[in-house]
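So this block is query39.csv, CSV, C-alpha atoms:
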chain,number,residue,atom,x,y,z
A,1,MET,CA,7.8,-4.6,6.0
A,2,CYS,CA,5.9,-4.8,2.7
A,3,GLY,CA,8.1,-4.4,-0.3
A,4,ARG,CA,6.2,-6.1,-3.1
A,5,TYR,CA,2.6,-7.0,-3.7
A,6,THR,CA,0.1,-8.0,-6.4
A,7,SER,CA,-2.7,-5.9,-7.9
A,8,THR,CA,-4.5,-7.3,-10.8
A,9,ARG,CA,-8.2,-6.3,-10.5
A,10,SER,CA,-9.7,-4.0,-13.1
A,11,PRO,CA,-10.6,-0.4,-12.1
A,12,GLU,CA,-14.3,-1.3,-12.8
A,13,ASP,CA,-14.1,-4.1,-10.3
A,14,LEU,CA,-12.4,-1.9,-7.7
A,15,ALA,CA,-14.8,0.9,-8.2
A,16,GLN,CA,-17.7,-1.4,-7.5
A,17,LEU,CA,-16.1,-3.1,-4.6
A,18,PHE,CA,-15.1,0.1,-2.8
A,19,GLN,CA,-18.2,2.1,-3.9
A,20,VAL,CA,-16.1,4.6,-5.8
A,21,SER,CA,-17.9,7.6,-7.4
A,22,GLU,CA,-15.0,9.0,-9.5
A,23,TRP,CA,-12.3,7.3,-11.6
A,24,HIS,CA,-10.9,8.2,-15.0
A,25,PRO,CA,-10.5,5.5,-17.7
A,26,GLU,CA,-7.3,7.2,-19.0
A,27,GLU,CA,-5.7,6.5,-15.6
A,28,THR,CA,-6.1,2.7,-15.9
A,29,LEU,CA,-3.1,0.8,-14.7
A,30,ALA,CA,-2.0,-2.6,-16.1
A,31,PRO,CA,-2.4,-5.6,-13.9
A,32,SER,CA,0.8,-6.3,-11.9
A,33,TRP,CA,2.0,-9.5,-10.2
A,34,ASN,CA,5.1,-7.7,-8.9
A,35,VAL,CA,4.2,-4.2,-7.7
A,36,ALA,CA,7.5,-2.5,-6.5
A,37,PRO,CA,8.3,0.7,-4.7
A,38,THR,CA,8.0,3.8,-6.9
A,39,ASP,CA,5.5,2.0,-9.2
A,40,GLU,CA,2.1,3.7,-9.7
A,41,VAL,CA,-0.6,1.8,-7.7
A,42,TYR,CA,-4.3,2.1,-7.3
A,43,ALA,CA,-5.5,4.0,-4.2
A,44,VAL,CA,-9.0,4.6,-2.9
A,45,LEU,CA,-9.3,8.0,-1.2
A,46,GLU,CA,-11.9,10.6,-0.3
A,47,ARG,CA,-11.5,14.4,-0.8
A,48,THR,CA,-13.6,17.4,-1.3
A,49,PRO,CA,-13.6,19.1,-4.7
A,50,ARG,CA,-11.1,21.8,-5.1
A,51,GLY,CA,-12.5,25.2,-4.1
A,52,ALA,CA,-15.3,23.7,-2.1
A,53,GLU,CA,-16.2,24.7,1.5
A,54,GLN,CA,-14.2,22.9,4.2
A,55,ASP,CA,-17.2,21.0,5.4
A,56,ALA,CA,-18.4,20.1,1.9
A,57,PRO,CA,-19.2,16.4,1.2
A,58,ALA,CA,-16.2,14.4,0.1
A,59,ARG,CA,-16.2,12.2,-3.0
A,60,ARG,CA,-14.6,8.8,-3.2
A,61,TRP,CA,-12.0,8.4,-5.9
A,62,LEU,CA,-9.9,5.6,-7.4
A,63,ARG,CA,-6.6,7.2,-8.3
A,64,PRO,CA,-3.1,6.0,-9.4
A,65,LEU,CA,-0.5,7.2,-6.8
A,66,ARG,CA,3.3,6.6,-6.7
A,67,TRP,CA,4.2,4.1,-4.0
A,68,GLY,CA,6.7,5.7,-1.6
A,69,LEU,CA,5.5,8.7,0.3
A,70,VAL,CA,7.2,12.1,-0.4
A,71,PRO,CA,6.4,14.5,2.4
A,72,SER,CA,5.4,18.0,1.4
A,73,TRP,CA,8.6,19.4,3.0
A,74,ALA,CA,10.9,17.1,1.1
A,75,LYS,CA,13.6,18.7,-1.1
A,76,ASP,CA,13.2,16.0,-3.8
A,77,VAL,CA,11.3,12.8,-4.5
A,78,LYS,CA,14.2,10.5,-3.7
A,79,ILE,CA,13.1,10.2,-0.1
A,80,GLY,CA,10.0,8.3,-1.2
A,81,ALA,CA,11.9,5.1,-1.9
A,82,ARG,CA,12.7,5.0,1.8
A,83,LEU,CA,9.1,5.7,2.9
A,84,ILE,CA,7.2,2.8,1.4
A,85,ASN,CA,6.0,1.6,4.8
A,86,ALA,CA,4.9,3.3,8.0
A,87,ARG,CA,4.8,1.3,11.3
A,88,VAL,CA,1.4,1.3,12.9
A,89,GLU,CA,3.0,1.8,16.3
A,90,THR,CA,4.5,5.2,15.4
A,91,VAL,CA,2.7,6.4,12.2
A,92,HIS,CA,0.8,9.1,14.1
A,93,GLU,CA,4.0,10.5,15.6
A,94,LYS,CA,6.6,10.4,12.8
A,95,PRO,CA,7.2,13.8,11.0
A,96,ALA,CA,6.9,12.2,7.6
A,97,PHE,CA,3.5,10.7,8.3
A,98,ARG,CA,1.7,12.5,11.1
A,99,ARG,CA,0.0,15.2,9.0
A,100,ALA,CA,-1.2,12.6,6.4
A,101,PHE,CA,-2.4,10.3,9.2
A,102,VAL,CA,-4.8,13.1,10.3
A,103,LYS,CA,-5.8,14.4,6.9
A,104,ARG,CA,-4.9,12.1,4.0
A,105,ARG,CA,-5.7,8.4,4.5
A,106,CYS,CA,-6.3,5.8,1.7
A,107,LEU,CA,-6.9,2.2,0.9
A,108,LEU,CA,-4.5,0.3,-1.4
A,109,PRO,CA,-6.2,-2.7,-3.0
A,110,ALA,CA,-4.1,-5.8,-3.2
A,111,ASP,CA,-4.6,-9.4,-4.1
A,112,GLY,CA,-1.8,-10.5,-1.9
A,113,PHE,CA,1.8,-9.7,-1.0
A,114,TYR,CA,5.3,-11.2,-0.9
A,115,GLU,CA,7.6,-11.8,2.1
A,116,TRP,CA,11.0,-13.4,2.3
A,117,ASP,CA,12.3,-16.0,4.7
A,118,GLU,CA,16.0,-16.5,5.3
A,119,VAL,CA,16.8,-20.2,4.9
A,120,LYS,CA,20.0,-22.3,5.1
A,121,ASP,CA,20.4,-25.0,2.5
A,122,ASN,CA,21.1,-28.3,4.3
A,123,LYS,CA,23.4,-29.4,1.4
A,124,SER,CA,25.4,-26.3,0.6
A,125,GLY,CA,25.2,-24.5,3.9
A,126,LYS,CA,24.5,-21.3,2.1
A,127,VAL,CA,21.8,-18.8,3.4
A,128,ARG,CA,19.4,-17.4,0.9
A,129,LYS,CA,16.0,-15.6,0.9
A,130,GLN,CA,13.0,-17.7,-0.1
A,131,PRO,CA,10.0,-15.6,-1.3
A,132,TYR,CA,6.5,-16.6,-0.3
A,133,TYR,CA,3.2,-15.3,-1.7
A,134,ILE,CA,0.7,-14.5,1.1
A,135,HIS,CA,-2.9,-13.9,0.3
A,136,PRO,CA,-6.5,-14.3,1.7
A,137,GLU,CA,-7.7,-17.9,1.6
A,138,ASP,CA,-11.0,-16.8,0.1
A,139,GLY,CA,-9.4,-14.9,-2.7
A,140,GLN,CA,-11.0,-11.6,-1.7
A,141,VAL,CA,-9.2,-8.2,-2.2
A,142,MET,CA,-7.1,-6.9,0.6
A,143,ALA,CA,-7.7,-3.2,1.5
A,144,LEU,CA,-4.3,-2.2,2.8
A,145,ALA,CA,-4.3,0.8,5.1
A,146,GLY,CA,-2.3,3.7,3.6
A,147,LEU,CA,-1.6,7.4,3.7
A,148,TYR,CA,-1.1,9.7,0.8
A,149,GLU,CA,0.6,13.1,0.4
A,150,TYR,CA,1.0,15.9,-2.1
A,151,TRP,CA,4.5,17.2,-3.1
A,152,ARG,CA,4.9,20.4,-5.1
A,153,ASP,CA,7.6,20.4,-7.7
A,154,PRO,CA,9.5,23.7,-7.3
A,155,GLU,CA,10.8,23.6,-10.9
A,156,ILE,CA,7.2,24.1,-12.2
A,157,LYS,CA,6.0,27.7,-11.7
A,158,ASP,CA,2.3,27.3,-12.5
A,159,ASP,CA,0.2,25.8,-9.6
A,160,ASP,CA,-2.5,24.8,-12.1
A,161,ASP,CA,-0.2,22.6,-14.1
A,162,PRO,CA,-1.0,19.0,-13.2
A,163,ALA,CA,2.7,18.2,-13.5
A,164,ALA,CA,3.5,20.5,-10.6
A,165,TRP,CA,2.0,18.1,-8.1
A,166,LEU,CA,3.0,14.5,-7.3
A,167,MET,CA,0.7,12.3,-5.2
A,168,THR,CA,2.5,9.5,-3.3
A,169,CYS,CA,1.5,6.9,-0.8
A,170,THR,CA,2.8,4.6,1.9
A,171,ILE,CA,1.5,1.3,3.4
A,172,ILE,CA,0.9,0.9,7.1
A,173,THR,CA,2.5,-2.3,8.6
A,174,THR,CA,1.8,-4.2,11.8
A,175,GLU,CA,3.0,-7.3,13.6
A,176,ALA,CA,2.5,-10.3,11.4
A,177,THR,CA,-0.1,-13.0,12.3
A,178,ASP,CA,-1.2,-16.3,10.9
A,179,ALA,CA,0.7,-17.6,7.9
A,180,ALA,CA,2.6,-14.4,7.4
A,181,GLY,CA,3.9,-14.6,11.0
A,182,ARG,CA,5.7,-17.8,10.3
A,183,ILE,CA,7.7,-16.1,7.6
A,184,HIS,CA,8.3,-12.5,8.6
A,185,PRO,CA,7.7,-10.4,11.7
A,186,ARG,CA,5.8,-7.6,9.9
A,187,MET,CA,3.0,-7.5,7.4
A,188,PRO,CA,0.8,-4.9,5.7
A,189,LEU,CA,-2.3,-4.0,7.8
A,190,ALA,CA,-5.5,-4.7,6.0
A,191,LEU,CA,-8.8,-3.1,7.1
A,192,THR,CA,-12.1,-4.8,7.3
A,193,PRO,CA,-15.0,-3.4,5.2
A,194,ASP,CA,-16.8,-2.0,8.3
A,195,HIS,CA,-13.9,0.3,8.8
A,196,TYR,CA,-13.5,1.6,5.3
A,197,ASP,CA,-15.8,4.6,5.7
A,198,ALA,CA,-14.3,5.9,8.9
A,199,TRP,CA,-10.7,5.5,7.7
A,200,LEU,CA,-11.3,7.3,4.4
A,201,ASP,CA,-13.4,10.2,5.8
A,202,PRO,CA,-11.2,13.3,5.6
A,203,HIS,CA,-13.4,15.0,8.3
A,204,HIS,CA,-12.5,12.3,10.8
A,205,ARG,CA,-9.4,13.7,12.5
A,206,SER,CA,-9.3,12.2,16.0
A,207,THR,CA,-5.9,10.4,16.3
A,208,ASP,CA,-7.2,8.2,19.1
A,209,ASP,CA,-10.3,7.1,17.2
A,210,LEU,CA,-8.3,6.5,14.0
A,211,ARG,CA,-5.8,4.3,15.8
A,212,THR,CA,-8.6,2.1,17.1
A,213,LEU,CA,-9.3,1.2,13.4
A,214,LEU,CA,-5.8,-0.1,13.0
A,215,THR,CA,-6.1,-3.4,14.9
A,216,PRO,CA,-4.0,-6.4,13.9
A,217,PRO,CA,-6.1,-8.7,11.7
A,218,ALA,CA,-7.5,-11.9,13.2
A,219,GLY,CA,-5.5,-15.1,12.4
A,220,GLY,CA,-6.7,-18.0,10.3
A,221,HIS,CA,-7.5,-16.2,7.0
A,222,LEU,CA,-4.2,-16.0,5.2
A,223,ASP,CA,-2.4,-18.7,3.1
A,224,ALA,CA,1.3,-18.7,2.2
A,225,ARG,CA,3.1,-20.7,-0.5
A,226,PRO,CA,6.8,-20.6,-1.6
A,227,VAL,CA,7.3,-19.1,-5.1
A,228,SER,CA,10.1,-18.7,-7.5
A,229,PRO,CA,12.9,-16.2,-6.7
A,230,ALA,CA,12.1,-14.7,-10.1
A,231,VAL,CA,9.9,-12.2,-8.1
A,232,ASN,CA,13.1,-10.8,-6.7
A,233,SER,CA,13.7,-8.9,-9.9
A,234,VAL,CA,11.4,-6.0,-10.6
A,235,ARG,CA,11.8,-6.7,-14.3
A,236,ASN,CA,9.8,-9.9,-13.9
A,237,ASN,CA,6.0,-9.8,-14.0
A,238,GLY,CA,3.1,-12.1,-14.9
A,239,PRO,CA,0.9,-14.7,-13.2
A,240,GLN,CA,3.6,-17.3,-13.3
A,241,LEU,CA,5.2,-15.5,-10.4
A,242,LEU,CA,2.4,-16.9,-8.2
A,243,ASP,CA,3.1,-20.6,-9.1
A,244,GLU,CA,4.0,-22.7,-6.1
A,245,VAL,CA,7.5,-24.2,-6.0
A,246,PRO,CA,8.7,-27.0,-3.7
A,247,ALA,CA,9.1,-26.0,-0.1
A,248,PRO,CA,12.8,-25.5,0.7
A,249,ASP,CA,14.7,-28.1,2.6
A,250,HIS,CA,16.3,-25.9,5.1
A,251,GLU,CA,17.2,-24.9,8.6
A,252,LYS,CA,16.4,-21.5,10.0
Please express what this file holds, its structure, as structure tokens.
Amino acid sequence: MCGRYTSTRSPEDLAQLFQVSEWHPEETLAPSWNVAPTDEVYAVLERTPRGAEQDAPARRWLRPLRWGLVPSWAKDVKIGARLINARVETVHEKPAFRRAFVKRRCLLPADGFYEWDEVKDNKSGKVRKQPYYIHPEDGQVMALAGLYEYWRDPEIKDDDDPAAWLMTCTIITTEATDAAGRIHPRMPLALTPDHYDAWLDPHHRSTDDLRTLLTPPAGGHLDARPVSPAVNSVRNNGPQLLDEVPAPDHEK
């Protein structure tokens, strides 16, 4: 799974990198070295303007969404905390994700992500979880494949009230490769730039074609380093969380 990641790039940098045409400065998010479920995160998505014809050209937006997908049919938002990830093997079939897979896809920019490895201390015999920070070796931004959804708050009567609608997202995961595979069996699925346009295009609705974009990334491009367990607490944030610590002396 993917339960924490880092996102520190400015919206100006992300808008240029992903060729975004619309973003609002008042929606700027603070850099985060410990993005956690239910946090607001940047998402790149395409949608047609409200009230436009169905085949009208889509515009590419950079928007803050809440991490943890809330399906439109959900009774409340609590379900989102359990839907932070969608498995690539079944995302097109699961009731919570299948409509969004066809109609509402996004990219979630990340600098890297965290995974935990269970280790046994040779001296104490105790088992603990050692966090690792996993990131591209070249320092490039990862474009994590995601889905987004709208949820209508029934407590608010006016459809035109912005507070009536909540936009949420989930990250698609795949089998881990490269450095991530030595730590955890799953990892977020990052798309390559040549697949951005097809993935974001809301008029592209062939399930089979879309699934061909979600191929496991090639190995050899990710690096992993052990970091402080301070990242375990959502209250901790800052670049110091990425500092490397001595590798654990352990047995699996």
How close does each residue of region 119-147 of chain A get to region 224-243 of chain A, giving the shortest atom pair and distance in Å to one decimal for every residue with an atom at most 7 Å away, counting all atoms listed in the file, sorted by chain and residue number, as a tab-separated table?
residue	atom	partner	partner_atom	distance
A:Gln130	CA	A:Pro229	CA	6.8
A:Pro131	CA	A:Val227	CA	5.8
A:Tyr132	CA	A:Pro226	CA	4.2
A:Tyr133	CA	A:Ala224	CA	5.5
A:Ile134	CA	A:Ala224	CA	4.4
A:His135	CA	A:Ala224	CA	6.7
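Between CA of Leu222 (chain A) and CA of Leu144 (chain A) the separation is 14.0 Å.
The gap separating CA of Ala145 (chain A) from CA of Ile171 (chain A) is 6.1 Å, in Å to one decimal.
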Name the residues in contact with Asn34 (chain A) at a cut-off of 6 Å, using only C-alpha atoms, excluding same-chain residues fewer than 2 positions from it; report them as a VMD selection string. chain A and resid 5 to 6 32 237
Counting only C-alpha atoms, figure out which residue out of A:Trp199, A:Trp73, A:Trp165, A:Trp33 gets nearest to Gly146 (chain A).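 Result for the nearest residue to Gly146 (chain A): A:Trp199.
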When you draw a straight line from CA of Asp159 (chain A) to CA of Ala81 (chain A), how long is it in Å? 25.0 Å
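Proximity to Lys78 (chain A) was assessed for A:Asn122, A:Pro188, A:Pro37, A:Arg128 counting all atoms listed in the file; the smallest distance is recorded for A:Pro37.
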Selection: 10 Å around region 136-141 of chain A, all atoms listed in the file, excl. self and same-chain fewer than 2 positions, as a VMD selection string: chain A and resid 7 to 9 14 17 108 to 113 134 143 to 144 190 220 to 224
Excluding same-chain residues fewer than 6 positions from Asp76 (chain A), what lies within 9 Å of it counting only C-alpha atoms, as a PyMOL selection string? chain A and resi 70+151+153
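Comparing A:Arg4, A:His24, A:Arg87, A:Lys94 by their smallest distance to Arg186 (chain A), the closest is A:Arg87 (using only C-alpha atoms).
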Excluding Ser21 (chain A) and its own-chain neighbours fewer than 6 positions away, which residues fall within 7 Å of it when counting only C-alpha atoms? Please give them as a VMD selection string. chain A and resid 59 to 61
Please save C-alpha atoms of the selected residues as a PDB file, keeping the file's coordinate frame.
ATOM      1  CA  ARG A  59     -16.200  12.200  -3.000  1.00  0.00           C
ATOM      2  CA  ARG A  60     -14.600   8.800  -3.200  1.00  0.00           C
ATOM      3  CA  TRP A  61     -12.000   8.400  -5.900  1.00  0.00           C
TER       4      TRP A  61
END
Can you tell me which residues surround Pro216 (chain A) at a distance of at most 9 Å, considering all atoms listed in the file, apart from same-chain residues fewer than 4 positions away, and format the answer as a list in words?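 My reading of the contact set: Thr174, Glu175, Ala176, Thr177, Leu189, Ala190 and Leu191 of chain A.
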Around (-9.1, 6.2, -10.8), as given in the file, which residues come within 7 Å? Count all atoms listed in the file and list them as an NGL selection string. :A and (11 or 22-24 or 27-28 or 61-64)
Given the selection you just returned, output its residues as a file containing C-alpha atoms, formatted as an mmCIF file, in the coordinates of the input.
data_model
loop_
_atom_site.group_PDB
_atom_site.id
_atom_site.type_symbol
_atom_site.label_atom_id
_atom_site.label_comp_id
_atom_site.auth_asym_id
_atom_site.auth_seq_id
_atom_site.Cartn_x
_atom_site.Cartn_y
_atom_site.Cartn_z
ATOM 1 C CA PRO A 11 -10.600 -0.400 -12.100
ATOM 2 C CA GLU A 22 -15.000 9.000 -9.500
ATOM 3 C CA TRP A 23 -12.300 7.300 -11.600
ATOM 4 C CA HIS A 24 -10.900 8.200 -15.000
ATOM 5 C CA GLU A 27 -5.700 6.500 -15.600
ATOM 6 C CA THR A 28 -6.100 2.700 -15.900
ATOM 7 C CA TRP A 61 -12.000 8.400 -5.900
ATOM 8 C CA LEU A 62 -9.900 5.600 -7.400
ATOM 9 C CA ARG A 63 -6.600 7.200 -8.300
ATOM 10 C CA PRO A 64 -3.100 6.000 -9.400
#
Residue nearest His195 (chain A) - candidates A:Thr212, A:Thr207, A:Ser124, A:Thr173, atoms counted: all atoms listed in the file: A:Thr212
I'd like to know which of A:Leu147, A:Ala179, A:Ala247, A:Met142 is closest to Ala96 (chain A), using only C-alpha atoms.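 Of A:Leu147, A:Ala179, A:Ala247, A:Met142, the one nearest Ala96 (chain A), counting only C-alpha atoms, is A:Leu147.
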